[in-house]
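What's in target-v3.pdb: PDB, C-alpha atoms, pLDDT in the B column
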```pdb
ATOM      1  CA  MET I   2      39.801  30.254  89.053  1.00 57.00           C
ATOM      2  CA  LEU I   3      41.999  30.172  85.928  1.00 54.00           C
ATOM      3  CA  ASN I   4      41.465  26.391  85.602  1.00 58.00           C
ATOM      4  CA  GLY I   5      37.714  26.919  85.840  1.00 57.00           C
ATOM      5  CA  ALA I   6      37.763  29.491  83.054  1.00 59.00           C
ATOM      6  CA  ASN I   7      39.922  27.223  80.856  1.00 66.00           C
ATOM      7  CA  HIS I   8      37.607  24.282  81.534  1.00 64.00           C
ATOM      8  CA  GLN I   9      34.540  26.404  80.678  1.00 74.00           C
ATOM      9  CA  THR I  10      36.167  27.563  77.380  1.00 76.00           C
ATOM     10  CA  GLU I  11      37.103  24.000  76.416  1.00 76.00           C
ATOM     11  CA  ARG I  12      33.597  22.829  77.160  1.00 74.00           C
ATOM     12  CA  GLN I  13      32.065  25.555  74.969  1.00 79.00           C
ATOM     13  CA  GLN I  14      34.437  24.651  72.129  1.00 77.00           C
ATOM     14  CA  GLN I  15      33.524  20.963  72.440  1.00 75.00           C
ATOM     15  CA  GLN I  16      29.809  21.766  72.407  1.00 75.00           C
ATOM     16  CA  ALA I  17      30.249  23.971  69.321  1.00 75.00           C
ATOM     17  CA  HIS I  18      32.193  21.167  67.593  1.00 67.00           C
ATOM     18  CA  ILE I  19      29.514  18.593  68.461  1.00 70.00           C
ATOM     19  CA  LYS I  20      26.799  20.915  67.145  1.00 67.00           C
ATOM     20  CA  GLN I  21      28.765  21.398  63.896  1.00 65.00           C
ATOM     21  CA  GLN I  22      29.166  17.618  63.468  1.00 62.00           C
ATOM     22  CA  GLN I  23      25.450  17.049  64.030  1.00 58.00           C
ATOM     23  CA  THR I  24      24.598  19.701  61.428  1.00 58.00           C
ATOM     24  CA  GLN I  25      26.882  18.042  58.871  1.00 54.00           C
ATOM     25  CA  CYS I  26      25.247  14.674  59.514  1.00 54.00           C
ATOM     26  CA  LYS I  27      21.836  16.208  58.798  1.00 56.00           C
ATOM     27  CA  LEU I  28      22.862  17.131  55.240  1.00 53.00           C
ATOM     28  CA  SER I  29      21.005  15.010  52.760  1.00 57.00           C
ATOM     29  CA  ASN I  30      22.771  12.791  50.258  1.00 61.00           C
ATOM     30  CA  PHE I  31      21.799  15.257  47.541  1.00 59.00           C
ATOM     31  CA  GLU I  32      23.331  18.212  49.424  1.00 57.00           C
ATOM     32  CA  ARG I  33      26.606  16.334  49.883  1.00 60.00           C
ATOM     33  CA  GLU I  34      26.724  15.192  46.240  1.00 61.00           C
ATOM     34  CA  ARG I  35      25.461  18.393  44.594  1.00 78.00           C
ATOM     35  CA  PRO I  36      28.893  20.085  44.269  1.00 83.00           C
ATOM     36  CA  LEU I  37      30.170  16.996  42.419  1.00 86.00           C
ATOM     37  CA  CYS I  38      27.152  17.073  40.086  1.00 87.00           C
ATOM     38  CA  SER I  39      27.591  20.797  39.440  1.00 87.00           C
ATOM     39  CA  ARG I  40      31.257  20.451  38.535  1.00 90.00           C
ATOM     40  CA  THR I  41      30.402  17.513  36.272  1.00 92.00           C
ATOM     41  CA  GLU I  42      27.751  19.590  34.495  1.00 92.00           C
ATOM     42  CA  GLU I  43      30.191  22.475  33.991  1.00 92.00           C
ATOM     43  CA  ARG I  44      32.943  20.241  32.580  1.00 94.00           C
ATOM     44  CA  LEU I  45      30.479  18.373  30.384  1.00 95.00           C
ATOM     45  CA  ASP I  46      28.998  21.582  28.958  1.00 94.00           C
ATOM     46  CA  THR I  47      32.511  22.801  28.151  1.00 95.00           C
ATOM     47  CA  PHE I  48      33.403  19.500  26.485  1.00 96.00           C
ATOM     48  CA  MET I  49      30.189  19.229  24.465  1.00 95.00           C
ATOM     49  CA  SER I  50      30.494  22.848  23.306  1.00 95.00           C
ATOM     50  CA  ALA I  51      34.000  22.115  22.039  1.00 94.00           C
ATOM     51  CA  TYR I  52      32.942  18.781  20.551  1.00 95.00           C
ATOM     52  CA  PHE I  53      29.719  19.833  18.810  1.00 94.00           C
ATOM     53  CA  ASN I  54      30.268  23.486  17.841  1.00 93.00           C
ATOM     54  CA  TYR I  55      31.813  23.719  14.388  1.00 91.00           C
ATOM     55  CA  ASP I  56      30.861  25.394  11.139  1.00 89.00           C
ATOM     56  CA  ASP I  57      33.704  24.412   8.830  1.00 89.00           C
ATOM     57  CA  GLN I  58      36.387  21.771   8.325  1.00 90.00           C
ATOM     58  CA  LYS I  59      39.015  23.683  10.319  1.00 91.00           C
ATOM     59  CA  ALA I  60      36.786  24.000  13.399  1.00 91.00           C
ATOM     60  CA  TYR I  61      35.838  20.313  13.108  1.00 91.00           C
ATOM     61  CA  ASN I  62      39.499  19.301  13.086  1.00 90.00           C
ATOM     62  CA  GLN I  63      40.259  21.458  16.156  1.00 91.00           C
ATOM     63  CA  ARG I  64      37.591  19.949  18.424  1.00 92.00           C
ATOM     64  CA  ARG I  65      40.124  17.748  20.201  1.00 92.00           C
ATOM     65  CA  GLN I  66      42.387  20.654  21.154  1.00 93.00           C
ATOM     66  CA  ALA I  67      39.418  22.748  22.306  1.00 91.00           C
ATOM     67  CA  ALA I  68      38.353  20.010  24.743  1.00 93.00           C
ATOM     68  CA  LYS I  69      41.839  19.337  26.138  1.00 93.00           C
ATOM     69  CA  LYS I  70      41.503  21.342  29.363  1.00 93.00           C
ATOM     70  CA  VAL I  71      38.484  19.390  30.688  1.00 95.00           C
ATOM     71  CA  VAL I  72      39.405  15.805  29.737  1.00 96.00           C
ATOM     72  CA  SER I  73      41.976  13.309  30.957  1.00 95.00           C
ATOM     73  CA  PRO I  74      44.851  12.215  28.684  1.00 95.00           C
ATOM     74  CA  ALA I  75      43.010   8.923  28.009  1.00 94.00           C
ATOM     75  CA  VAL I  76      39.983  10.764  26.615  1.00 94.00           C
ATOM     76  CA  TYR I  77      42.167  13.258  24.753  1.00 94.00           C
ATOM     77  CA  ASP I  78      43.989  10.390  23.015  1.00 93.00           C
ATOM     78  CA  ASN I  79      40.775   8.469  22.221  1.00 92.00           C
ATOM     79  CA  ARG I  80      40.922   8.235  18.401  1.00 89.00           C
ATOM     80  CA  ARG I  81      37.489   6.624  18.267  1.00 90.00           C
ATOM     81  CA  LEU I  82      35.864   9.612  19.964  1.00 90.00           C
ATOM     82  CA  PHE I  83      37.801  12.151  17.911  1.00 90.00           C
ATOM     83  CA  LYS I  84      37.580  10.438  14.528  1.00 88.00           C
ATOM     84  CA  GLU I  85      39.541  12.061  11.758  1.00 83.00           C
ATOM     85  CA  ASP I  86      37.571  13.341   8.786  1.00 84.00           C
ATOM     86  CA  LYS I  87      39.935  11.841   6.185  1.00 84.00           C
ATOM     87  CA  TYR I  88      37.763  12.689   3.191  1.00 84.00           C
ATOM     88  CA  SER I  89      36.761  16.192   4.353  1.00 86.00           C
ATOM     89  CA  LYS I  90      33.057  15.310   4.409  1.00 85.00           C
ATOM     90  CA  THR I  91      32.405  18.234   6.719  1.00 86.00           C
ATOM     91  CA  ARG I  92      33.652  20.653   4.039  1.00 87.00           C
ATOM     92  CA  GLN I  93      32.063  18.777   1.118  1.00 86.00           C
ATOM     93  CA  LEU I  94      28.621  18.664   2.722  1.00 84.00           C
ATOM     94  CA  GLY I  95      28.860  22.100   4.292  1.00 86.00           C
ATOM     95  CA  LEU I  96      28.102  20.429   7.600  1.00 88.00           C
ATOM     96  CA  GLN I  97      27.543  22.724  10.563  1.00 89.00           C
ATOM     97  CA  SER I  98      26.851  21.699  14.118  1.00 90.00           C
ATOM     98  CA  THR I  99      25.717  23.496  17.251  1.00 91.00           C
ATOM     99  CA  PHE I 100      25.599  22.149  20.803  1.00 93.00           C
ATOM    100  CA  VAL I 101      22.156  22.782  22.312  1.00 93.00           C
ATOM    101  CA  LYS I 102      21.989  21.151  25.769  1.00 94.00           C
ATOM    102  CA  ASN I 103      22.814  18.170  27.975  1.00 94.00           C
ATOM    103  CA  GLN I 104      20.513  16.070  30.088  1.00 93.00           C
ATOM    104  CA  ILE I 105      22.530  14.206  32.690  1.00 93.00           C
ATOM    105  CA  VAL I 106      21.241  11.103  34.458  1.00 92.00           C
ATOM    106  CA  PRO I 107      23.699  10.067  37.214  1.00 91.00           C
ATOM    107  CA  THR I 108      23.993   6.291  37.471  1.00 91.00           C
ATOM    108  CA  LYS I 109      26.696   5.936  40.131  1.00 91.00           C
ATOM    109  CA  ILE I 110      28.150   8.400  42.606  1.00 88.00           C
ATOM    110  CA  THR I 111      31.055   7.442  44.830  1.00 86.00           C
ATOM    111  CA  ASP I 112      33.419   9.534  46.965  1.00 81.00           C
ATOM    112  CA  GLN I 113      34.754  11.841  44.236  1.00 88.00           C
ATOM    113  CA  GLN I 114      33.557  10.112  41.055  1.00 93.00           C
ATOM    114  CA  LEU I 115      30.342  10.395  39.142  1.00 93.00           C
ATOM    115  CA  GLU I 116      29.174   8.121  36.334  1.00 95.00           C
ATOM    116  CA  ALA I 117      26.236   9.184  34.207  1.00 95.00           C
ATOM    117  CA  THR I 118      24.289   8.644  31.045  1.00 94.00           C
ATOM    118  CA  VAL I 119      24.119  11.886  29.086  1.00 95.00           C
ATOM    119  CA  TYR I 120      21.600  12.810  26.410  1.00 94.00           C
ATOM    120  CA  THR I 121      23.174  15.580  24.315  1.00 94.00           C
ATOM    121  CA  THR I 122      21.119  17.582  21.847  1.00 92.00           C
ATOM    122  CA  GLN I 123      22.965  18.749  18.748  1.00 92.00           C
ATOM    123  CA  GLU I 124      21.585  20.805  15.873  1.00 90.00           C
ATOM    124  CA  LEU I 125      22.923  19.754  12.461  1.00 87.00           C
ATOM    125  CA  ASN I 126      22.696  21.978   9.375  1.00 87.00           C
ATOM    126  CA  PHE I 127      23.841  21.603   5.782  1.00 83.00           C
ATOM    127  CA  LYS I 128      25.199  24.774   4.107  1.00 79.00           C
ATOM    128  CA  ASP I 129      23.288  27.257   6.272  1.00 69.00           C
ATOM    129  CA  GLU I 130      19.976  25.480   5.683  1.00 75.00           C
ATOM    130  CA  GLU I 131      17.851  24.744   8.698  1.00 77.00           C
ATOM    131  CA  GLY I 132      18.578  21.238   9.885  1.00 76.00           C
ATOM    132  CA  GLN I 133      17.263  19.090  12.637  1.00 81.00           C
ATOM    133  CA  ASP I 134      18.097  18.262  16.229  1.00 86.00           C
ATOM    134  CA  THR I 135      19.786  14.977  17.006  1.00 89.00           C
ATOM    135  CA  ILE I 136      20.070  13.473  20.464  1.00 91.00           C
ATOM    136  CA  LYS I 137      23.243  11.488  21.079  1.00 93.00           C
ATOM    137  CA  VAL I 138      23.723   9.205  24.062  1.00 94.00           C
ATOM    138  CA  PHE I 139      27.016   9.121  25.981  1.00 95.00           C
ATOM    139  CA  HIS I 140      28.285   7.264  29.023  1.00 96.00           C
ATOM    140  CA  ILE I 141      30.640   9.508  30.985  1.00 96.00           C
ATOM    141  CA  MET I 142      32.748   9.382  34.125  1.00 96.00           C
ATOM    142  CA  TYR I 143      33.949  12.467  36.006  1.00 96.00           C
ATOM    143  CA  ASP I 144      36.757  12.403  38.573  1.00 95.00           C
ATOM    144  CA  GLY I 145      36.451  15.143  41.194  1.00 91.00           C
ATOM    145  CA  LYS I 146      40.032  14.728  42.383  1.00 92.00           C
ATOM    146  CA  THR I 147      41.520  15.644  38.996  1.00 94.00           C
ATOM    147  CA  ASP I 148      38.512  17.790  37.987  1.00 93.00           C
ATOM    148  CA  LYS I 149      38.453  16.087  34.562  1.00 95.00           C
ATOM    149  CA  LEU I 150      36.185  13.874  32.498  1.00 96.00           C
ATOM    150  CA  VAL I 151      38.042  10.547  32.541  1.00 96.00           C
ATOM    151  CA  LYS I 152      35.734   8.495  30.319  1.00 96.00           C
ATOM    152  CA  ILE I 153      33.423   9.439  27.454  1.00 96.00           C
ATOM    153  CA  ASP I 154      31.866   6.708  25.326  1.00 94.00           C
ATOM    154  CA  GLN I 155      29.267   7.443  22.681  1.00 92.00           C
ATOM    155  CA  GLN I 156      26.512   4.863  22.992  1.00 91.00           C
ATOM    156  CA  GLY I 157      24.482   5.839  19.942  1.00 86.00           C
ATOM    157  CA  VAL I 158      21.767   8.151  18.674  1.00 86.00           C
ATOM    158  CA  TYR I 159      18.464   8.438  20.489  1.00 78.00           C
ATOM    159  CA  ASN I 160      15.428   8.402  18.217  1.00 69.00           C
ATOM    160  CA  ILE I 161      11.727   8.533  18.807  1.00 61.00           C
ATOM    161  CA  ALA I 162       9.977   6.654  16.038  1.00 54.00           C
ATOM    162  CA  VAL I 163       6.742   7.790  14.424  1.00 50.00           C
ATOM    163  CA  ASP I 164       4.787   5.252  16.446  1.00 52.00           C
ATOM    164  CA  SER I 165       6.250   6.770  19.665  1.00 53.00           C
ATOM    165  CA  THR I 166       8.488   3.828  20.447  1.00 57.00           C
ATOM    166  CA  GLU I 167      11.905   4.703  21.758  1.00 58.00           C
ATOM    167  CA  THR I 168      15.029   3.286  20.134  1.00 58.00           C
ATOM    168  CA  VAL I 169      18.765   3.630  20.577  1.00 59.00           C
ATOM    169  CA  ASP I 170      20.867   2.911  17.498  1.00 56.00           C
TER     170      ASP I 170
END
```

How does the structure come out when it is put into structure tokens?
Amino acid sequence: MLNGANHQTERQQQQAHIKQQQTQCKLSNFERERPLCSRTEERLDTFMSAYFNYDDQKAYNQRRQAAKKVVSPAVYDNRRLFKEDKYSKTRQLGLQSTFVKNQIVPTKITDQQLEATVYTTQELNFKDEEGQDTIKVFHIMYDGKTDKLVKIDQQGVYNIAVDSTETVD
């Protein structure tokens, strides 16, 4: 009688496990990849806020340090991405920048990595005068294992010409 009860319990556990496995298989690709996309969006918003929000020379020079917690050492040390303002143009022009939003277009998703093209909108102003929005194009890579952005390359500036043709500089 004890063996019968043990066998019945094992059988119920196996059936519950099989049902759980079948449910996991029914998840769509999007449902399995969505947590990776969400974490990428969060890290990218944090990075772009640090990168594009400045209103004086001091804030411009501190962008790199502000982004440190969400980027890999390779991105942090990328001198091309974090160009130095040797001639203090930001101060001279009274340049101010505000991060507006990201539009992320995933191009490749593997186990724990996501590559994407990102269209980032930035508002530029000169000395508190109303400026204009600029859309910059980036190619990024996010690593879910380290929870960091491991590659960020600026591709150019996205413009829509007067005749409605699209161009990337």

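With only C-alpha atoms as the atoms that count, the residue of I:Val71, I:Ile110, I:Ile136, I:Leu96 with the shortest distance to I:Tyr55 is I:Leu96.
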
Computed interatomic separation between atom CA of I:Asn62 and atom CA of I:Glu116 (Å): 27.8 Å

Run the PyMOL selection byres ((chain I and resi 69) around 12) on the file and write out the hits as a compact mmCIF listing (two decimals) with C-alpha atoms, in the coordinates of the input.
```txt
# COMPACT_ATOMS: atom_id res chain seq x y z
CA ARG I 44 32.94 20.24 32.58
CA THR I 47 32.51 22.80 28.15
CA PHE I 48 33.40 19.50 26.48
CA MET I 49 30.19 19.23 24.46
CA ALA I 51 34.00 22.12 22.04
CA TYR I 52 32.94 18.78 20.55
CA GLN I 63 40.26 21.46 16.16
CA ARG I 64 37.59 19.95 18.42
CA ARG I 65 40.12 17.75 20.20
CA GLN I 66 42.39 20.65 21.15
CA ALA I 67 39.42 22.75 22.31
CA ALA I 68 38.35 20.01 24.74
CA LYS I 70 41.50 21.34 29.36
CA VAL I 71 38.48 19.39 30.69
CA VAL I 72 39.40 15.80 29.74
CA SER I 73 41.98 13.31 30.96
CA PRO I 74 44.85 12.22 28.68
CA ALA I 75 43.01 8.92 28.01
CA VAL I 76 39.98 10.76 26.62
CA TYR I 77 42.17 13.26 24.75
CA ASP I 78 43.99 10.39 23.02
CA ASN I 79 40.78 8.47 22.22
CA PHE I 83 37.80 12.15 17.91
CA LYS I 149 38.45 16.09 34.56
CA LEU I 150 36.18 13.87 32.50
CA VAL I 151 38.04 10.55 32.54
```

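Coordinates place atom CA of I:Asn103 at a distance of 9.6 Å from atom CA of I:Lys137.
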
Taking the file as shown, what set of residues would the PyMOL selection byres ((chain I and resi 134) around 6) give back, as an mmCIF file with C-alpha atoms, in the coordinates of the input?
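Output (part_11.cif):
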```
data_model
loop_
_atom_site.group_PDB
_atom_site.id
_atom_site.type_symbol
_atom_site.label_atom_id
_atom_site.label_comp_id
_atom_site.auth_asym_id
_atom_site.auth_seq_id
_atom_site.Cartn_x
_atom_site.Cartn_y
_atom_site.Cartn_z
ATOM 1 C CA GLN I 123 22.965 18.749 18.748
ATOM 2 C CA GLU I 124 21.585 20.805 15.873
ATOM 3 C CA GLN I 133 17.263 19.090 12.637
ATOM 4 C CA THR I 135 19.786 14.977 17.006
#
```

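Counting from atom CA of I:Glu42, the distance to atom CA of I:Ile141 is 11.1 Å.
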